[in-house]
>>> print(open('my_file.txt').read())   # compact mmCIF, C-alpha atoms
# COMPACT_ATOMS: atom_id res chain seq x y z
CA MET A 1426 -21.54 -10.92 -27.08
CA GLN A 1427 -21.92 -8.19 -24.48
CA ILE A 1428 -25.47 -7.30 -23.54
CA GLU A 1429 -26.13 -3.64 -22.81
CA ARG A 1430 -27.42 -3.10 -19.29
CA VAL A 1431 -29.85 -0.43 -18.24
CA PRO A 1432 -30.72 0.49 -14.64
CA PHE A 1433 -33.45 -1.74 -13.23
CA SER A 1434 -36.27 0.39 -11.84
CA GLY A 1435 -38.42 -2.35 -10.31
CA TYR A 1436 -39.62 -2.70 -6.71
CA PRO A 1437 -39.81 1.00 -5.77
CA LYS A 1438 -41.51 0.28 -2.43
CA LEU A 1439 -38.73 -2.05 -1.33
CA ARG A 1440 -36.07 0.38 -2.51
CA ARG A 1441 -37.48 3.19 -0.41
CA LEU A 1442 -37.30 1.14 2.78
CA MET A 1443 -33.50 1.30 2.76
CA GLU A 1444 -32.13 4.63 3.97
CA THR A 1445 -28.50 3.96 3.02
CA GLY A 1446 -27.44 2.22 -0.17
CA GLU A 1447 -29.80 -0.06 -2.04
CA PRO A 1448 -31.04 -3.66 -1.95
CA VAL A 1449 -28.52 -6.29 -3.05
CA CYS A 1450 -29.19 -9.06 -5.57
CA VAL A 1451 -27.47 -12.43 -5.16
CA THR A 1452 -27.52 -14.77 -8.16
CA PHE A 1453 -26.07 -18.29 -8.19
CA GLU A 1454 -24.88 -19.55 -11.57
CA ILE A 1455 -24.65 -23.29 -12.21
CA GLU A 1456 -22.71 -22.83 -15.44
CA GLU A 1457 -20.77 -19.97 -16.95
CA GLY A 1458 -23.29 -17.16 -17.38
CA ASP A 1459 -26.37 -19.22 -16.49
CA THR A 1460 -29.22 -17.48 -14.71
CA ARG A 1461 -31.54 -18.33 -11.83
CA GLU A 1462 -33.98 -20.42 -13.91
CA ARG A 1463 -31.27 -22.99 -14.48
CA PHE A 1464 -30.10 -22.87 -10.85
CA ARG A 1465 -33.60 -23.24 -9.42
CA GLU A 1466 -35.13 -25.67 -11.92
CA VAL A 1467 -32.53 -27.70 -13.81
CA VAL A 1468 -30.23 -28.78 -11.00
CA PRO A 1469 -32.10 -30.61 -8.22
CA ALA A 1470 -30.54 -31.02 -4.78
CA SER A 1471 -30.17 -34.75 -5.28
CA GLY A 1472 -28.79 -34.46 -8.79
CA SER A 1473 -30.95 -37.38 -9.88
CA VAL A 1474 -33.63 -35.71 -11.99
CA PRO A 1475 -32.84 -35.45 -15.72
CA VAL A 1476 -32.78 -32.03 -17.32
CA GLN A 1477 -35.47 -32.82 -19.86
CA GLU A 1478 -37.99 -33.82 -17.17
CA THR A 1479 -37.72 -30.66 -15.07
CA VAL A 1480 -37.14 -27.99 -17.70
CA PRO A 1481 -38.50 -28.70 -21.18
CA ALA A 1482 -36.32 -26.60 -23.45
CA GLN A 1483 -39.16 -25.52 -25.70
CA GLU A 1484 -41.37 -24.29 -22.83
CA THR A 1485 -39.38 -22.74 -20.01
CA VAL A 1486 -36.04 -21.78 -21.50
CA PRO A 1487 -36.72 -19.98 -24.78
CA ALA A 1488 -33.79 -19.35 -27.07
CA GLN A 1489 -32.53 -15.82 -27.43
CA GLU A 1490 -31.58 -14.75 -30.90
CA THR A 1491 -28.76 -12.53 -29.66
CA VAL A 1492 -27.02 -15.17 -27.54
CA PRO A 1493 -26.72 -18.40 -29.57
CA ILE A 1494 -24.78 -21.42 -28.35
CA GLN A 1495 -22.90 -24.14 -30.10
CA GLU A 1496 -24.63 -27.50 -30.13
CA THR A 1497 -21.55 -29.15 -28.66
CA VAL A 1498 -21.28 -26.97 -25.53
CA PRO A 1499 -22.36 -28.98 -22.44
CA ILE A 1500 -24.10 -27.56 -19.37
CA GLN A 1501 -22.03 -29.85 -17.20
CA GLU A 1502 -19.70 -32.69 -18.03
CA THR A 1503 -22.37 -35.28 -17.26
CA VAL A 1504 -25.44 -33.44 -18.58
CA PRO A 1505 -25.35 -32.62 -22.32
CA VAL A 1506 -27.13 -29.49 -23.52
CA GLN A 1507 -30.30 -29.87 -25.53
CA LYS A 1508 -30.00 -28.08 -28.86
CA ALA A 1509 -32.84 -25.69 -28.10
CA VAL A 1510 -31.56 -24.60 -24.67
CA PRO A 1511 -29.75 -21.25 -24.83
CA LYS A 1512 -26.84 -20.28 -22.66
CA LYS A 1513 -27.23 -16.78 -21.28
CA LYS A 1514 -24.21 -14.61 -20.64
CA VAL A 1515 -23.29 -12.40 -17.73
CA THR A 1516 -22.57 -8.89 -18.89
CA GLY A 1517 -18.98 -8.27 -19.79
CA LYS A 1518 -17.87 -11.87 -19.23
CA GLY A 1519 -16.69 -14.26 -21.90
CA SER A 1520 -18.13 -17.75 -21.80
CA GLU A 1521 -14.69 -19.26 -21.09
CA GLU A 1522 -13.67 -16.81 -18.37
CA LEU A 1523 -13.81 -18.32 -14.91
CA PRO A 1524 -14.35 -15.96 -11.96
CA GLU A 1525 -11.79 -15.91 -9.17
CA LYS A 1526 -12.26 -16.60 -5.49
CA SER A 1527 -12.72 -13.31 -3.66
CA GLY A 1528 -10.49 -12.24 -0.78
CA PHE A 1529 -13.53 -10.68 0.89
CA LEU A 1530 -16.10 -12.38 3.10
CA PHE A 1531 -19.53 -12.95 1.57
CA CYS A 1532 -21.07 -10.43 3.98
CA GLU A 1533 -18.44 -7.86 2.97
CA LEU A 1534 -19.27 -8.38 -0.70
CA VAL A 1535 -22.96 -7.83 0.03
CA GLN A 1536 -22.19 -4.63 1.92
CA LYS A 1537 -20.00 -3.33 -0.92
CA ALA A 1538 -22.69 -4.19 -3.45
CA ARG A 1539 -25.15 -2.26 -1.32
CA MET A 1540 -23.00 0.81 -2.00
CA GLY A 1541 -22.87 0.27 -5.77
CA GLU A 1542 -20.14 -2.30 -6.50
CA LYS A 1543 -20.65 -5.51 -8.45
CA PHE A 1544 -18.84 -8.83 -8.03
CA ARG A 1545 -18.78 -12.16 -9.81
CA ILE A 1546 -16.89 -14.77 -7.80
CA SER A 1547 -16.32 -18.50 -7.46
CA GLY A 1548 -15.72 -18.37 -3.70
CA GLN A 1549 -15.22 -16.11 -0.69
CA ASN A 1550 -12.93 -15.86 2.32
CA CYS A 1551 -14.98 -17.00 5.34
CA SER A 1552 -14.76 -20.64 6.48
CA PRO A 1553 -18.24 -20.76 8.10
CA GLY A 1554 -19.54 -19.07 4.95
CA ASP A 1555 -17.94 -21.78 2.80
CA TYR A 1556 -19.75 -24.42 4.84
CA VAL A 1557 -23.09 -22.61 4.57
CA LEU A 1558 -22.73 -22.04 0.82
CA GLY A 1559 -21.79 -25.67 0.23
CA LEU A 1560 -18.21 -24.90 -0.78
CA SER A 1561 -16.73 -26.96 2.07
CA GLU A 1562 -17.78 -30.00 4.10
CA GLU A 1563 -15.80 -28.89 7.14
CA ASN A 1564 -18.25 -27.49 9.66
CA PRO A 1565 -17.13 -24.57 11.86
CA ALA A 1566 -17.68 -26.30 15.24
CA GLU A 1567 -14.05 -25.98 16.32
CA TYR A 1568 -13.95 -22.33 15.28
CA TYR A 1569 -17.18 -21.67 17.17
CA LEU A 1570 -15.83 -23.35 20.31
CA LYS A 1571 -12.62 -21.29 20.24
CA SER A 1572 -14.63 -18.10 19.81
CA GLY A 1573 -16.14 -18.60 23.26
CA ARG A 1574 -19.71 -18.27 22.03
CA TYR A 1575 -20.73 -21.76 23.15
CA ARG A 1576 -20.38 -23.49 26.51
CA ASP A 1577 -18.72 -26.69 25.34
CA THR A 1578 -17.85 -28.88 22.36
CA GLN A 1579 -21.31 -30.41 22.24
CA ALA A 1580 -23.03 -27.01 22.05
CA ALA A 1581 -20.60 -25.76 19.40
CA GLU A 1582 -21.09 -28.90 17.31
CA LYS A 1583 -24.87 -28.64 17.57
CA ALA A 1584 -24.75 -24.98 16.55
CA ALA A 1585 -22.53 -25.72 13.54
CA LEU A 1586 -24.69 -28.60 12.34
CA SER A 1587 -27.84 -26.48 12.64
CA LEU A 1588 -26.54 -23.90 10.16
CA PRO A 1589 -28.56 -23.70 6.94
CA ARG A 1590 -26.68 -25.06 3.93
CA LEU A 1591 -27.07 -24.48 0.23
CA LYS A 1592 -27.80 -27.89 -1.27
CA ARG A 1593 -27.53 -26.98 -4.94
CA LYS A 1594 -24.24 -26.73 -6.77
CA PHE A 1595 -23.06 -23.60 -8.53
CA CYS A 1596 -19.89 -22.41 -10.25
CA SER A 1597 -20.13 -18.69 -9.57
CA VAL A 1598 -22.07 -16.05 -7.65
CA VAL A 1599 -23.04 -12.58 -8.81
CA VAL A 1600 -23.48 -10.01 -6.02
CA GLU A 1601 -24.72 -6.64 -7.24
CA PRO A 1602 -26.93 -3.68 -6.35
CA LEU A 1603 -30.53 -3.90 -7.52
CA SER A 1604 -29.99 -1.02 -9.95
CA LEU A 1605 -27.46 -3.09 -11.93
CA ASN A 1606 -29.61 -6.20 -12.05
CA LYS A 1607 -31.93 -6.98 -14.96
CA GLY A 1608 -34.72 -8.30 -12.76
CA ASN A 1609 -33.37 -11.85 -12.60
CA PHE A 1610 -31.79 -13.04 -9.32
CA ASP A 1611 -32.16 -15.59 -6.52
CA VAL A 1612 -32.24 -13.51 -3.33
CA LEU A 1613 -32.72 -9.83 -2.50
CA ILE A 1614 -30.98 -8.65 0.69
CA LEU A 1615 -31.93 -5.45 2.51
CA PHE A 1616 -30.56 -3.67 5.59
CA LEU A 1617 -33.37 -2.00 7.50
CA LYS A 1618 -34.31 -0.12 10.61
CA PRO A 1619 -36.70 -2.20 12.75
CA GLU A 1620 -39.73 -0.12 11.75
CA LYS A 1621 -38.99 -0.72 8.06
CA ALA A 1622 -38.46 -4.44 8.67
CA MET A 1623 -41.87 -4.44 10.36
CA ARG A 1624 -43.37 -3.12 7.12
CA ILE A 1625 -42.04 -6.13 5.23
CA VAL A 1626 -43.38 -8.51 7.87
CA GLN A 1627 -46.77 -6.80 7.52
CA ALA A 1628 -46.58 -7.01 3.73
CA ASN A 1629 -45.87 -10.73 4.06
CA ALA A 1630 -49.09 -11.08 6.08
CA TYR A 1631 -51.19 -8.84 3.83
CA SER A 1632 -52.66 -11.39 1.42
CA GLU A 1633 -53.18 -14.39 3.72
CA GLY A 1634 -52.70 -13.12 7.27
CA LYS A 1635 -49.76 -15.46 7.87
CA ARG A 1636 -47.16 -14.93 10.55
CA THR A 1637 -43.46 -14.52 9.82
CA VAL A 1638 -41.41 -17.06 11.78
CA MET A 1639 -37.83 -16.13 12.61
CA ASP A 1640 -35.13 -18.81 12.51
CA THR A 1641 -31.76 -17.47 13.62
CA MET A 1642 -29.08 -17.86 16.29
CA GLY A 1643 -26.85 -14.87 15.64
CA ALA A 1644 -24.42 -16.79 13.42
CA ALA A 1645 -23.89 -16.86 9.64
CA SER A 1646 -26.52 -14.16 9.30
CA ILE A 1647 -25.94 -12.82 5.77
CA CYS A 1648 -24.88 -16.05 4.06
CA GLY A 1649 -27.10 -18.36 6.13
CA ASP A 1650 -30.15 -16.49 7.42
CA CYS A 1651 -30.58 -13.95 4.62
CA THR A 1652 -29.42 -16.03 1.64
CA VAL A 1653 -29.82 -19.79 2.13
CA LEU A 1654 -32.82 -19.66 4.48
CA ALA A 1655 -34.47 -17.02 2.31
CA LEU A 1656 -34.09 -19.37 -0.67
CA GLU A 1657 -35.63 -22.22 1.31
CA LYS A 1658 -38.43 -20.36 3.09
CA GLY A 1659 -39.14 -17.39 0.85
CA MET A 1660 -38.12 -14.79 3.42
CA SER A 1661 -35.78 -14.68 6.40
CA LEU A 1662 -35.15 -11.96 8.97
CA SER A 1663 -31.95 -11.82 11.01
CA PHE A 1664 -30.39 -9.72 13.74
CA GLY A 1665 -26.97 -10.15 12.17
CA CYS A 1666 -23.95 -11.97 13.56
CA LYS A 1667 -20.64 -11.05 15.15
CA GLY A 1668 -18.69 -11.67 11.95
CA SER A 1669 -20.91 -9.71 9.58
CA ARG A 1670 -21.29 -6.75 11.93
CA LYS A 1671 -17.55 -6.66 12.60
CA HIS A 1672 -16.33 -7.03 9.03
CA SER A 1673 -19.02 -5.42 6.89
CA ARG A 1674 -19.84 -2.72 9.45
CA TYR A 1675 -23.53 -2.15 8.83
CA GLU A 1676 -25.11 0.05 11.46
CA ASP A 1677 -25.99 -1.21 14.94
CA PHE A 1678 -29.62 -0.20 14.40
CA GLU A 1679 -29.94 -2.10 11.10
CA VAL A 1680 -31.32 -5.62 10.72
CA PRO A 1681 -30.63 -7.65 7.56
CA LEU A 1682 -33.44 -9.40 5.73
CA GLY A 1683 -33.47 -11.69 2.70
CA ILE A 1684 -36.33 -12.30 0.26
CA ALA A 1685 -36.36 -15.02 -2.41
CA PHE A 1686 -37.00 -13.88 -5.98
CA GLU A 1687 -40.33 -15.73 -6.12
CA LYS A 1688 -41.62 -13.75 -3.14
CA VAL A 1689 -40.36 -10.27 -3.97
CA GLU A 1690 -43.36 -9.33 -6.12
CA GLU A 1691 -45.77 -10.40 -3.37
CA ILE A 1692 -43.95 -8.27 -0.79
CA GLU A 1693 -43.83 -5.30 -3.15
CA GLU A 1694 -47.57 -5.55 -3.75
CA GLY A 1695 -48.27 -5.87 -0.04
CA LEU A 1696 -46.22 -2.76 0.68
CA SER A 1697 -48.22 -0.82 -1.90
CA LYS A 1698 -51.50 -1.74 -0.16
CA LEU A 1699 -50.52 -1.16 3.47
CA PRO A 1700 -51.60 2.03 5.25
CA GLU A 1701 -48.77 4.29 6.32
CA THR A 1702 -47.39 3.85 9.82
CA MET A 1703 -48.84 6.41 12.21
CA CYS A 1704 -46.20 8.09 14.37
>>> encode(input="my_file.txt", output="structure tokens")
Amino acid sequence: MQIERVPFSGYPKLRRLMETGEPVCVTFEIEEGDTRERFREVVPASGSVPVQETVPAQETVPAQETVPIQETVPIQETVPVQKAVPKKKVTGKGSEELPEKSGFLFCELVQKARMGEKFRISGQNCSPGDYVLGLSEENPAEYYLKSGRYRDTQAAEKAALSLPRLKRKFCSVVVEPLSLNKGNFDVLILFLKPEKAMRIVQANAYSEGKRTVMDTMGAASICGDCTVLALEKGMSLSFGCKGSRKHSRYEDFEVPLGIAFEKVEEIEEGLSKLPETMC
């Protein structure tokens, strides 16, 4: 059943920080049409925690009358679905339709989504990105060494092994502008001028006075810094990387920043309380 979508009008303060395009929502699906609750709560990194212990069906995943499931449909081959757990659908996609691997790089997809396009994919076309997103076990050390960005093999290997990696499994990724999202995603990615990025750092400090710690090395910026690290740490600021700036062509004066879903509301509230910047 196709669910009618309406423009999502949330987070007006965050929206206004971007001067070109709009914030981008990234959602990882662990099963056809599943949403972030299942990705974040049902599937642990180790894969050893049973579904019923982490997500009681009757409490955290209420059934929706409009999207019923058959009792015999499994979440995964090894984890049977509880009868009361619904399976949510992605708009316009049948439950049996598998998304294709995209010919674009992940950072290109994010940039296109920023300008209004929507994608649902099972993979992307960047080898370091595959490693970061957990789609490949082959680290990009050799590629990094050949690029000339590191002094020797040891430095390239250390850089590759220090990349953040998505530890949880998924079957598809939805990349879409915030206006097409229904308020349910994993990471929100913005492209900002430094002064606007400062506002988010200040909003992060508003409630508890905490500092924002940067963790970046100018590599795998959109997939690693702004997606995986944002999921792990709540928020992650980057200066971009050679690949994302070359292929997705965001402006030289823009810095990308990722915010995990759980932290977006806090940042939005902080922005609403901050005094305006005096110029």
>>> closest_residue(input="my_file.txt", among="A:Ser1646, A:Ser1632, A:Thr1452, A:Thr1702", to="Ala1685 (chain A)", atoms="all atoms listed in the file")
A:Thr1452
>>> atom_distance(input="my_file.txt", atom1="CA of Ser1673 (chain A)", atom2="CA of Glu1525 (chain A)")
20.5 Å
>>> closest_residue(input="my_file.txt", among="A:Glu1562, A:Glu1533, A:Glu1444, A:Glu1582", to="Ile1647 (chain A)", atoms="only C-alpha atoms")
A:Glu1533
>>> residues_around(input="my_file.txt", residues="Asn1629 (chain A)", least_positions_apart="5", cutoff="8 Å", atoms="all atoms listed in the file", output="VMD selection string")
chain A and resid 1634 to 1637 1691 to 1692 1695
>>> residues_around(input="my_file.txt", residues="region 1548-1561 of chain A", least_positions_apart="5", cutoff="8 Å", atoms="only C-alpha atoms", output="PyMOL selection string")
chain A and resi 1525-1531+1588-1594+1597-1598+1645+1648-1649+1653
>>> residues_around(input="my_file.txt", residues="Gly1541 (chain A)", least_positions_apart="6", cutoff="9 Å", atoms="all atoms listed in the file", output="mmCIF file with C-alpha atoms, keeping the file's coordinate frame")
data_model
loop_
_atom_site.group_PDB
_atom_site.id
_atom_site.type_symbol
_atom_site.label_atom_id
_atom_site.label_comp_id
_atom_site.auth_asym_id
_atom_site.auth_seq_id
_atom_site.Cartn_x
_atom_site.Cartn_y
_atom_site.Cartn_z
ATOM 1 C CA GLY A 1446 -27.440 2.220 -0.170
ATOM 2 C CA GLU A 1447 -29.800 -0.060 -2.040
ATOM 3 C CA GLU A 1601 -24.720 -6.640 -7.240
ATOM 4 C CA PRO A 1602 -26.930 -3.680 -6.350
ATOM 5 C CA LEU A 1603 -30.530 -3.900 -7.520
ATOM 6 C CA SER A 1604 -29.990 -1.020 -9.950
ATOM 7 C CA LEU A 1605 -27.460 -3.090 -11.930
#
>>> atom_distance(input="my_file.txt", atom1="CA of Pro1619 (chain A)", atom2="CA of Asp1677 (chain A)")
11.0 Å
>>> closest_residue(input="my_file.txt", among="A:Leu1442, A:Met1623, A:Leu1570, A:Val1451", to="Gly1608 (chain A)", atoms="all atoms listed in the file")
A:Val1451
>>> residues_around(input="my_file.txt", residues="Tyr1675 (chain A)", least_positions_apart="6", cutoff="10 Å", atoms="all atoms listed in the file", output="ChimeraX atom specification")
/A:1445,1532-1533,1536,1616-1617,1665,1669,1681
>>> atom_distance(input="my_file.txt", atom1="CA of Ala1581 (chain A)", atom2="CA of Arg1674 (chain A)")
25.1 Å
>>> closest_residue(input="my_file.txt", among="A:Arg1624, A:Lys1537, A:Lys1658, A:Lys1618", to="Cys1450 (chain A)", atoms="only C-alpha atoms")
A:Lys1537
>>> closest_residue(input="my_file.txt", among="A:Cys1666, A:Met1642, A:Ile1684, A:Met1443", to="Met1540 (chain A)", atoms="only C-alpha atoms")
A:Met1443
